[in-house]
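K.L.:
Take this structure, written in C-alpha cells, and hold onto it; I'll ask about it next.
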Amino acid sequence: MAWRLRIIVLLAATFAVAEVTIPHKPIGTAPPLPLGSPHPPPDYMRDNINNYFGTAPDRGSMTGPILMPLNSSILNEIYSGDIHNRQNTDGFWLSSLGSAGKMPFAPSGYQFFRNVKDFGAVGDGVTDDTAAINRAAATYGLDNLSTLRCAADCGSTTTLGAVVYFPSGTYLISTPIIQYYYTQFVGDPTSKPTIKGSFNFTGIALFDSDFYIPGGNSAEWYINQSNFYRQIRNFVFDMTGMNWTNSDADQGYVPAGIHWQVGQATSITNCDFHMSVSTATQSATAVGIYMENGSGGFVSDLTFVGGNIGFLAGSQQFTANNLQFTSCLTAIKHVWNWGFTWKNIYVLSCYIALDCSEYSGITDQGTGSITVLDSHFNGVPYAITVASRGDEQPNIVLDNLLVENSASVVLVSGGETILPGSTGALYFNSWANGYQYLPDGSGGKATGFVNPAPEKPAALLDGNGAYFTRSKPQYETDNPIVATDHGISNDGTGDQSGAINSLLSGNVGSVIFFPAGVYMVENTVQVPVGSRIVGSGWSQIMATGSYFQDVDNPKVVVQVGNTGDSGILEISDMLFTVKGPTAGAVLMEWNVHEGNQGSAAMWDSHFRVGGASGTNLQLADCPIGATSVNTNCMAASMLMHVTSQASGYFENVWAWTADHDLDNPLNAKASESNEGIPLNVLTDISVYVGRGILIESGGPTWLYGTASEHTQMYQYQLSNASTIYMGHMQTETPYYQPNPNALSPYTAGKFPSDPTFDNCADDLCKTAWALRVLNSTDVFIYSAGFYSFFQNNQLGCTDSEECQLALIETDYTSGLWIYNIFTKGNIQIVSPDGGLPPLLFNSTTKDGYTSEIAAWLALSTGGGDIGSGSGNGSGSGLVTIDPTIWSEPTDSVTIQCYPPCTYVLPPLTLPTNTTFSFPLLTTPLEIGWPTTYSFTYLGTTSTTTGYVSVITTTVITIPAVTTSIIPVFNVPVTNNSTVIFPIPSIVPSPFNITDNTSINGTTHPPNTRTFYPPPWPGTTTPPTTSTPPGGSTSHDTHFPPVTHTDGPPSPTCTHAGGCGHACIGLCIPCWLFCPGDPQLNWWDSNDPNRPKNPSGSPSSECETATYSSCSTSCVYVSPTSSCSSTCRDVIGCDTTGTEISTIYTPAPYWTASFEDWDNFVDTDTAEAWSVAISVLSDLSSEGDFPTTTPTTTTSTTTTTSTHSTPYPTNTDINVGGAYCFTSADGDYVSFTNNDARNVITTMCNGDHVLQPGNDYGFVEALMESGYNVYVSIAWAADQTGCGDEADFAVGSSGYLNNQECLSAWSTDFYCTDEGGSQTTSNGGAYVLKPPNAGGCLLMSLYAHPADSRKRMHVRGGRPAIDAVPTLERNLTGIMW
C-alpha cells in the first residue's frame, strides 16, 4: 500500500506539469508488480473493418451523445447569469480569449469556442455533467442548441470546427462525451480538469472520437483513415470509480479513457489515465486509450496508472513520445499496425511493456514494426512479447533502451526468450529483429544486435544521450497579445498581410494569439526571429491573389525569419493554406536557426492545399479524370522549405495536398476495403502542388510525427542536409498520377535538385518520390511508411505491388541510418544511385500487408562517393533489366541507358536442370594456431598467448552445382551504342573445408573455415556441363546478344522474382588469379589480425559484448560553465565507448615479435608484460612509437653492428638494380620465386601508411621449412636529396596500389638482372626515391635460416628486430 500511495502523491504533484519526464538513468528498484496477470482485452477491442470477427461494438442502444431534453429549467440554467459569470474564473488565458475565434465559412450564428460551464456543466465531481458537456461539443452553439454538428450524415468538415474548453474541476459523466469532427477538447493546463466516470457509467469510453452506429455492422460516423483534425489536451481521466464492466442493451464494455480512432493532424497531449489496479480478487479490466484502427497521429506526455492495458494500439502508422506506464498488467497492447514509433517510453512495474502477439482483421495483419527508442523498462518481466504466423513476425528495432529488473526484453509469447534482460541496469544500444540490409551488401532476416550501431551527432541528443525532444508550450503564465484586437480580421476577407507584419515586427518576444478563423493574405507574411505565435483550432493563414499565381516566379506565403537569423521562434496550432489559383505559392520558408537547442520550433501546425470551403479547389472546381490539367487547380509550388542555414524542431506537422473534398456531404457514402482503404469515395479531386517538404538544413533538425502527401515531384527531399532526425514519417503518392505523371504540370528546375526523371522510360518510373536524400550526411530515420495505392485515381495496382517503380532515392549520401521502412504498392523499396542495388519489395521483404525493413544501413558508414547525379547528365548508374528480354526474338533484344551505366541483366531460366562440375582450384591459404610463450622481463617471468601462422598451397575440390537458373555478369557500359554478349556467372555456394593439421612435422588442432568459391567462367578451364538427353540449344537455353542504345533505362525490372542482382565482390569473369581483395578466403579464421569485414563478406560480424560508455555533458551559462561526466553499461556490437584521454608511458624497448592476443583492459599495471605489448601496439598503430634510441643490452658473446652498404637508388619500381645479398653478408639463404610471391602478396593485401619518423617500417614474415622469408618497407637511413618524409601509402589507395605493390620487390629477387628467369634467390635491397613522394624508402626481400639470430633491416643506426624462429608469424599491419 505504501507504494500505491507514493505513486498517487507523485502523480498529483505533476498534474500541472506540461511535460512528462522520462528517467534515462537507472532507478535501482521498482515497486511490486500488481496482483493478477495480464489477460486479453474484450473481443470488440480489435480491428473491426467490415466486422470480420462479428464482434464490433455496435449492439448498444445509444444513437449519439446523450443531450437530455432541453426543457425550460435546463434552458434557464444555461442562460442564467450565474453560469456566464463563472466561465472565466480560471487563470488560463484561453478561457477568456478563445471566444474571439470564429468559423467564417460556417452558417450564420455558429459558435466556435465553447466553455462547458456555459452549457450547464458544474465540475464539482457530484453533478452528472454528461449532457451539458455533450451539448457544448455537439450543437451549433448557445444560440442553436437543436442543430447538431457534422456526424454520420456529414462524413467530414472544415467549416464546423470547435474548441471545447474545460475549466479546472471534476466532471462526473455517465455516458461517453462524443468528439465531433474538427474538434479540440482543451483543459486548463494550470490545473488539469478531471473527467470522472461514474460507477454506473455506460458506453465505450469517457471520450469517443468515432461513434459506432448501432446495428451498423461495424459502421462508424467517420472513416477512420480520414478522421482528421482532432486534439485532446490537459486532462485527467479517472476510471477508478467505474464498475469493472458495463453494458448497453446487448453490448458489453470495459472502462476506457479515450476511444481514439483517427487519422492525421490529431494529438493527445498532457493527459493522465487513472485506472483501478488489479487486486487479489479482481483483475483490472480498464484500458486507458482504446485505438483499434486509424492512419497516423501523435500522442505525447501521457501517464497511465493501473488497469489491464494502458494503451491498446492499432493504426497504420503512429508516433508516441514521453509516455509513462505504472502498475498496468500490460502497458501497450498492439492489435495491429504497419509501423509505430515509441520514443521516451517508461514502463515501471508492468508485466508486459509491449504485447505484439496479436493478429487482427480480414488480412490477419499483426504488428508490422515497432521502434522503441530512448526508453526505459524497470521491473518488467516480459518486456516485449511476439508471436509468429507463417513467415510474419514483428519487425522490432530497439535503440538506446535501458533495462533493469527485467528478466526478458524480447520473447515469444509462451515460448523462448529471444533477447534476455538484466537485473542490473543495462543499455541496449542497437538491436533488431527483421530484414536488415547492411553496409557490406548483405541482406536478410536476422535477429540480434545490429552492426554497425548508429553514430549519432551530439547536436541531435539531449544531456542524457537521447534524441532531443521538446513538448509544445502552452504559455500558461503569459498574457498573449490578441491579433484581432489590432485591426486584423479573421473572417476570410481582405488582405491581412500588412497588419500581421506590423503586429509581429512590433511585438517581438511576446506571445501573439491568432484566434480561430481565416486570415487572408495577398503578400508574404514576415515572421521575425523572436516571435511566438499560437493559434486555436488551427487558425488559418490563407494566401490568395496575383502575387502568388506566377508558376515561374514562386513567392513565399509565410517567411519565418531571414537568412542567417538565429534565436527563438515558436509556432503552434496554426494551419497554412491557399485560395486558388496560386500556382507560385511556397506556403512556408523556414530560415531561423536555433539559438539554443530546439528554440526554433513548430508544433501541431499543418499545411492543407485544397479540399475545403473557401479554397476554390473543391470537387466542383477540380474533379478527377480530366484529360488535361486545369491550371486553376495548380495551387502551390512547394509546401515547406527549410533553408540551408536554418534548423528546426517540428512535431506533428501534416503537409497535405487534398485528395478529396472534406466539405462535401458525399463523404458520408464512403466505406472501407478489407485492407482499410477508403472505397466509394465520390469526392476525389485533382489538385496540383509541385513539391512537398524540401530540407537543406545543416542541422540540427528534428521531425517527429510528420507526413507529406500527394505532391507532384517528391514528398520529402533532403538536399545538402546534415544532422537530421526523422520519425515517424509518412507519405502517399498523388492519386492522379500518371494522369499526368511527375513531369507536369510543374517543371523541374525552380528549386535546388529538383528531380528530372531523365532516367525514366515509362510512367511507372515517372512518379513522385516519397523521399530523396541527396548529398547529405548524418540522417537518422526511425519508421517511414511510404504508400502508393492508386493509378489515375483507381485502386488495384497494389495487388501486384506495381503502382510505381520506386519510392526512396539516395545520391552521394553518407551517414544515412534508416530503421523500420514499410511500403505499399512499389517495386523498389530503396533505390540508391551510383551502383548499389535497389532493395526490392518481394516475398522476402514482405511481412504482412506491407514490406517491412528493420534496418537499411547500406550508406550508414560511407557513401558520400556513391551516386550518379541522376538526371544531371552523369549517367544512369545501376540499371536492372526486366527478364522479359529473354522472351523476345534473338535479333530484337534491345536495352537502353545513359552511359556510363552498369546493366544488371536478368538470369536465364533453362527448361531443365543442368549440372556444372568445376576443375580443381589451387590457392594459397593462411593456416595458424595459438601458442603460449614465457618471457623474463625485469626479473619477472610472464606468460602470454601469441599466434603463429604459415602460408600453404592447397588444392580445393568445389562441389558441383545443379541448377536451371543461370545468372549473368553485370555489364558496365560507357559507349552510346554497343552489342553485349552476356556471360554467365555461376557462383558455387560457400562450403566448409578443414585446414591441414600437420605443419612442418607438427600436428595442430583441426580448424574448419568457410570457403567462398570464385565465379565461373574464368580465365582457365571452364566447368563441364551435362544436359538431359534431347536438351535444346535454341534461344531458350543460351544468351542471345543484346544491343545497348542511348536513352532512359529500359526495360527496367518490374518482376521482383526474376530480376538480376548487382555484383558484390568479384564482378568480372575469373577463376584463377582473380583481382581485388583475396582476404575472404586467404585469412585463417583464428587470426586475430584478420579484417573483421573482408570485402565480399556475406554478413557483418557481431560479437556481442557489454562495455562502458562515458559521455561528458557541459552547461554553458556565460561567463561560467559546468561539466559532468557519466558512464553506463551498454550491450551491443560496437564496443568502443567514449573514453577520457590517457597518456601512456611505454615500457622500455624490447624485441617484440608478435602481438598479444588477450583482451587486457587494466592500464594501471604498467609492469605487466601483456600491458606493455598492448601499449606498444596502440602507440605503433598511431605512429607515436618513441623516437629516442632504446637501450640495448648485449652479452659478452653477442655484438651488434649497423649495415653500411650503399644500396642502389631507383626512381621507380622495376627500374635499375638492387644490392644482392649473399651468405657473406650474414646468414642469408636461398628462397624460391613462389616464396617471394606469397610473402609479397601478403604485404600487398593490406593497407599500410608509413608515417614520418617511423624507424621500423612494415615487415611481413613467411615461415617455410628450415627458413623464414621476409619482405619489408622502411625509411632509408640516408635521406640526402630525398625531401621531407611524408605519409607513404601502400595498398588500395596508395602510391603503390595493390597491383603495383606485387611488382615492387621483383628487383630485389632478380637483383642486377631485372629480366632474369631464375627461380631462386638470396634476395636484396634497394632505395626507392619516388619522384612525387617525400622521403626515400628501403625495399628489402631476404631469407634467414629458421634458427638464425640475424636482425631485420631497419633504418641505419637503430637496433634491429630479432627474427626469433619460435615467434615468427604473419604481421600484417603491425608497425615494428
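Chain identifiers are assigned as A, B, and so on, following the order in which chains appear in the C-alpha cells; residues are numbered from 1 within each chain, and ligands are numbered from 1 in order of appearance.
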In stretch 677-786 of chain A, what's strand (DSSP E or B) per DSSP? Answer as number ranges by chain?
P.N.:
A: 678-679, 684-685, 688-695, 701-704, 706-709, 714-719, 722-726, 729-732, 769-774, 777-786
K.L.:
What gap, in Å, lies between atom CA of A:Glu570 and atom CA of A:Ser300?
P.N.:
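Interatomic distance, atom CA of A:Glu570 to atom CA of A:Ser300: 18.1 Å.
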K.L.:
Restricting the calculation to only C-alpha atoms: of A:Ser572, A:Ser226, A:Asn842, A:Thr363, which residue gets closest to A:Ala600?
P.N.:
A:Ser572
K.L.:
Determine, counting only C-alpha atoms, which protein, DNA and RNA residues have an atom within 8 Å of an atom of stretch 139-148 of chain A; residues of the same chain fewer than 5 positions away are not included. Present the result as a PDB file with all heavy atoms, in the first residue's frame.
P.N.:
```pdb
ATOM      1  N   GLY A 109     -24.428  32.416 -37.120  1.00  0.00           N
ATOM      2  CA  GLY A 109     -24.747  32.115 -35.744  1.00  0.00           C
ATOM      3  C   GLY A 109     -23.971  30.935 -35.167  1.00  0.00           C
ATOM      4  O   GLY A 109     -24.133  30.622 -33.976  1.00  0.00           O
ATOM      5  N   TYR A 110     -23.157  30.333 -35.982  1.00  0.00           N
ATOM      6  CA  TYR A 110     -22.393  29.169 -35.489  1.00  0.00           C
ATOM      7  C   TYR A 110     -21.346  29.634 -34.484  1.00  0.00           C
ATOM      8  O   TYR A 110     -20.668  30.650 -34.682  1.00  0.00           O
ATOM      9  CB  TYR A 110     -21.724  28.442 -36.656  1.00  0.00           C
ATOM     10  CG  TYR A 110     -20.913  27.234 -36.228  1.00  0.00           C
ATOM     11  CD1 TYR A 110     -21.533  26.009 -36.043  1.00  0.00           C
ATOM     12  CD2 TYR A 110     -19.547  27.332 -35.996  1.00  0.00           C
ATOM     13  CE1 TYR A 110     -20.808  24.897 -35.642  1.00  0.00           C
ATOM     14  CE2 TYR A 110     -18.811  26.232 -35.589  1.00  0.00           C
ATOM     15  CZ  TYR A 110     -19.444  25.011 -35.418  1.00  0.00           C
ATOM     16  OH  TYR A 110     -18.728  23.925 -35.007  1.00  0.00           O
ATOM     17  N   GLN A 111     -21.192  28.894 -33.382  1.00  0.00           N
ATOM     18  CA  GLN A 111     -20.279  29.257 -32.294  1.00  0.00           C
ATOM     19  C   GLN A 111     -19.041  28.360 -32.349  1.00  0.00           C
ATOM     20  O   GLN A 111     -19.155  27.140 -32.318  1.00  0.00           O
ATOM     21  CB  GLN A 111     -20.975  29.108 -30.939  1.00  0.00           C
ATOM     22  CG  GLN A 111     -20.118  29.487 -29.741  1.00  0.00           C
ATOM     23  CD  GLN A 111     -20.877  29.380 -28.432  1.00  0.00           C
ATOM     24  OE1 GLN A 111     -22.114  29.292 -28.430  1.00  0.00           O
ATOM     25  NE2 GLN A 111     -20.165  29.421 -27.324  1.00  0.00           N
ATOM     26  N   PHE A 112     -17.863  28.967 -32.407  1.00  0.00           N
ATOM     27  CA  PHE A 112     -16.635  28.186 -32.457  1.00  0.00           C
ATOM     28  C   PHE A 112     -16.154  27.774 -31.068  1.00  0.00           C
ATOM     29  O   PHE A 112     -15.938  26.596 -30.786  1.00  0.00           O
ATOM     30  CB  PHE A 112     -15.532  28.970 -33.171  1.00  0.00           C
ATOM     31  CG  PHE A 112     -14.159  28.349 -32.995  1.00  0.00           C
ATOM     32  CD1 PHE A 112     -13.800  27.209 -33.696  1.00  0.00           C
ATOM     33  CD2 PHE A 112     -13.242  28.896 -32.104  1.00  0.00           C
ATOM     34  CE1 PHE A 112     -12.560  26.616 -33.517  1.00  0.00           C
ATOM     35  CE2 PHE A 112     -12.004  28.309 -31.913  1.00  0.00           C
ATOM     36  CZ  PHE A 112     -11.651  27.174 -32.620  1.00  0.00           C
ATOM     37  N   ARG A 114     -16.390  27.061 -27.126  1.00  0.00           N
ATOM     38  CA  ARG A 114     -17.426  26.682 -26.172  1.00  0.00           C
ATOM     39  C   ARG A 114     -16.790  26.364 -24.827  1.00  0.00           C
ATOM     40  O   ARG A 114     -15.934  25.473 -24.739  1.00  0.00           O
ATOM     41  CB  ARG A 114     -18.170  25.430 -26.658  1.00  0.00           C
ATOM     42  CG  ARG A 114     -18.890  25.622 -27.998  1.00  0.00           C
ATOM     43  CD  ARG A 114     -18.190  24.879 -29.133  1.00  0.00           C
ATOM     44  NE  ARG A 114     -18.808  25.136 -30.429  1.00  0.00           N
ATOM     45  CZ  ARG A 114     -19.902  24.483 -30.857  1.00  0.00           C
ATOM     46  NH1 ARG A 114     -20.481  23.584 -30.100  1.00  0.00           N
ATOM     47  NH2 ARG A 114     -20.383  24.764 -32.041  1.00  0.00           N
ATOM     48  N   PHE A 119     -22.579  25.771 -20.923  1.00  0.00           N
ATOM     49  CA  PHE A 119     -23.629  24.862 -21.366  1.00  0.00           C
ATOM     50  C   PHE A 119     -24.214  24.062 -20.206  1.00  0.00           C
ATOM     51  O   PHE A 119     -24.939  23.088 -20.425  1.00  0.00           O
ATOM     52  CB  PHE A 119     -23.080  23.933 -22.447  1.00  0.00           C
ATOM     53  CG  PHE A 119     -22.815  24.630 -23.751  1.00  0.00           C
ATOM     54  CD1 PHE A 119     -21.687  25.415 -23.934  1.00  0.00           C
ATOM     55  CD2 PHE A 119     -23.711  24.508 -24.806  1.00  0.00           C
ATOM     56  CE1 PHE A 119     -21.443  26.049 -25.136  1.00  0.00           C
ATOM     57  CE2 PHE A 119     -23.478  25.150 -26.013  1.00  0.00           C
ATOM     58  CZ  PHE A 119     -22.339  25.922 -26.177  1.00  0.00           C
TER      59      PHE A 119
END
```
K.L.:
Find, counting only C-alpha atoms, the residue in A:Asp811, A:Asp1129, A:Asp355, A:Asp208 that gets nearest to A:Ile309.
P.N.:
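Counting only C-alpha atoms, the residue closest to A:Ile309 is A:Asp355.
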K.L.:
Smallest atom-to-atom distance to A:Asp153: which of A:Glu651, A:Asp1284, A:Glu220, A:Asp272, using only C-alpha atoms?
P.N.:
A:Glu220
K.L.:
Report as a tab-separated table the residues of stretch 323-389 of chain A within 8 Å of stretch 397-400 of chain A, each with its shortest atom pair and distance in Å (one decimal), using only C-alpha atoms, ordered by chain and increasing residue number.
P.N.:
```
residue	atom	partner	partner_atom	distance
A:Ser369	CA	A:Val397	CA	8.0
A:Ile370	CA	A:Val397	CA	6.4
A:Thr371	CA	A:Val397	CA	4.8
A:Val372	CA	A:Leu398	CA	5.0
A:Leu373	CA	A:Asp399	CA	4.9
A:Asp374	CA	A:Asn400	CA	4.9
A:Ser375	CA	A:Asn400	CA	6.8
```
K.L.:
Save the residues we just selected, N, CA, C and O atoms, as a short mmCIF file (atom, residue, chain, number, x, y, z; two decimals), in the first residue's frame?
P.N.:
```cif
data_model
loop_
_atom_site.label_atom_id
_atom_site.label_comp_id
_atom_site.auth_asym_id
_atom_site.auth_seq_id
_atom_site.Cartn_x
_atom_site.Cartn_y
_atom_site.Cartn_z
N SER A 369 5.74 -3.37 -37.50
CA SER A 369 7.03 -2.96 -36.96
C SER A 369 6.83 -2.02 -35.80
O SER A 369 5.85 -1.27 -35.74
N ILE A 370 7.77 -2.06 -34.87
CA ILE A 370 7.81 -1.09 -33.78
C ILE A 370 9.26 -0.63 -33.63
O ILE A 370 10.20 -1.41 -33.78
N THR A 371 9.41 0.64 -33.32
CA THR A 371 10.69 1.21 -32.92
C THR A 371 10.56 1.67 -31.48
O THR A 371 9.66 2.46 -31.16
N VAL A 372 11.41 1.15 -30.62
CA VAL A 372 11.42 1.55 -29.20
C VAL A 372 12.72 2.30 -28.99
O VAL A 372 13.81 1.73 -29.03
N LEU A 373 12.60 3.59 -28.76
CA LEU A 373 13.74 4.49 -28.84
C LEU A 373 13.89 5.27 -27.54
O LEU A 373 12.91 5.83 -27.02
N ASP A 374 15.10 5.29 -27.00
CA ASP A 374 15.41 6.11 -25.82
C ASP A 374 14.42 5.84 -24.69
O ASP A 374 13.88 6.77 -24.07
N SER A 375 14.19 4.58 -24.39
CA SER A 375 13.16 4.20 -23.43
C SER A 375 13.74 3.44 -22.26
O SER A 375 14.93 3.11 -22.24
#
```
K.L.:
Any idea what's packed within 8 Å of A:Gly1060, counting only C-alpha atoms, ignoring anything in its chain fewer than 5 positions away? Could you give it as a list in words?
P.N.:
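Contacts, with the query itself left out: Thr880, Ile881, Val904, Leu905, Pro906, Pro907, Pro967 and Val968 of chain A.
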K.L.:
Please produce an output containing N, CA and C atoms for each residue in the selection, written as a PDB file, in the first residue's frame.
P.N.:
```pdb
ATOM      1  N   THR A 880      18.712  -2.191 -63.608  1.00  0.00           N
ATOM      2  CA  THR A 880      18.262  -3.577 -63.506  1.00  0.00           C
ATOM      3  C   THR A 880      17.254  -3.845 -64.615  1.00  0.00           C
ATOM      4  N   ILE A 881      17.580  -4.807 -65.481  1.00  0.00           N
ATOM      5  CA  ILE A 881      16.797  -5.073 -66.683  1.00  0.00           C
ATOM      6  C   ILE A 881      15.752  -6.153 -66.424  1.00  0.00           C
ATOM      7  N   VAL A 904      22.409  -4.609 -64.950  1.00  0.00           N
ATOM      8  CA  VAL A 904      22.210  -5.837 -64.187  1.00  0.00           C
ATOM      9  C   VAL A 904      21.227  -6.670 -64.997  1.00  0.00           C
ATOM     10  N   LEU A 905      21.773  -7.611 -65.747  1.00  0.00           N
ATOM     11  CA  LEU A 905      20.937  -8.418 -66.633  1.00  0.00           C
ATOM     12  C   LEU A 905      20.220  -9.505 -65.832  1.00  0.00           C
ATOM     13  N   PRO A 906      19.037  -9.886 -66.278  1.00  0.00           N
ATOM     14  CA  PRO A 906      18.308 -10.923 -65.541  1.00  0.00           C
ATOM     15  C   PRO A 906      18.911 -12.300 -65.791  1.00  0.00           C
ATOM     16  N   PRO A 907      18.725 -13.225 -64.886  1.00  0.00           N
ATOM     17  CA  PRO A 907      19.187 -14.588 -65.123  1.00  0.00           C
ATOM     18  C   PRO A 907      18.332 -15.261 -66.192  1.00  0.00           C
ATOM     19  N   PRO A 967      22.680 -17.063 -63.651  1.00  0.00           N
ATOM     20  CA  PRO A 967      22.900 -15.616 -63.538  1.00  0.00           C
ATOM     21  C   PRO A 967      23.878 -15.124 -64.594  1.00  0.00           C
ATOM     22  N   VAL A 968      23.932 -13.803 -64.731  1.00  0.00           N
ATOM     23  CA  VAL A 968      24.762 -13.168 -65.742  1.00  0.00           C
ATOM     24  C   VAL A 968      25.619 -12.106 -65.072  1.00  0.00           C
TER      25      VAL A 968
END
```
K.L.:
Write out as an NGL selection string the residues lying within 8 Å of stretch 773-775 of chain A, counting only C-alpha atoms and excluding same-chain residues fewer than 5 positions away.
P.N.:
:A and (717-721 or 808-814 or 864)
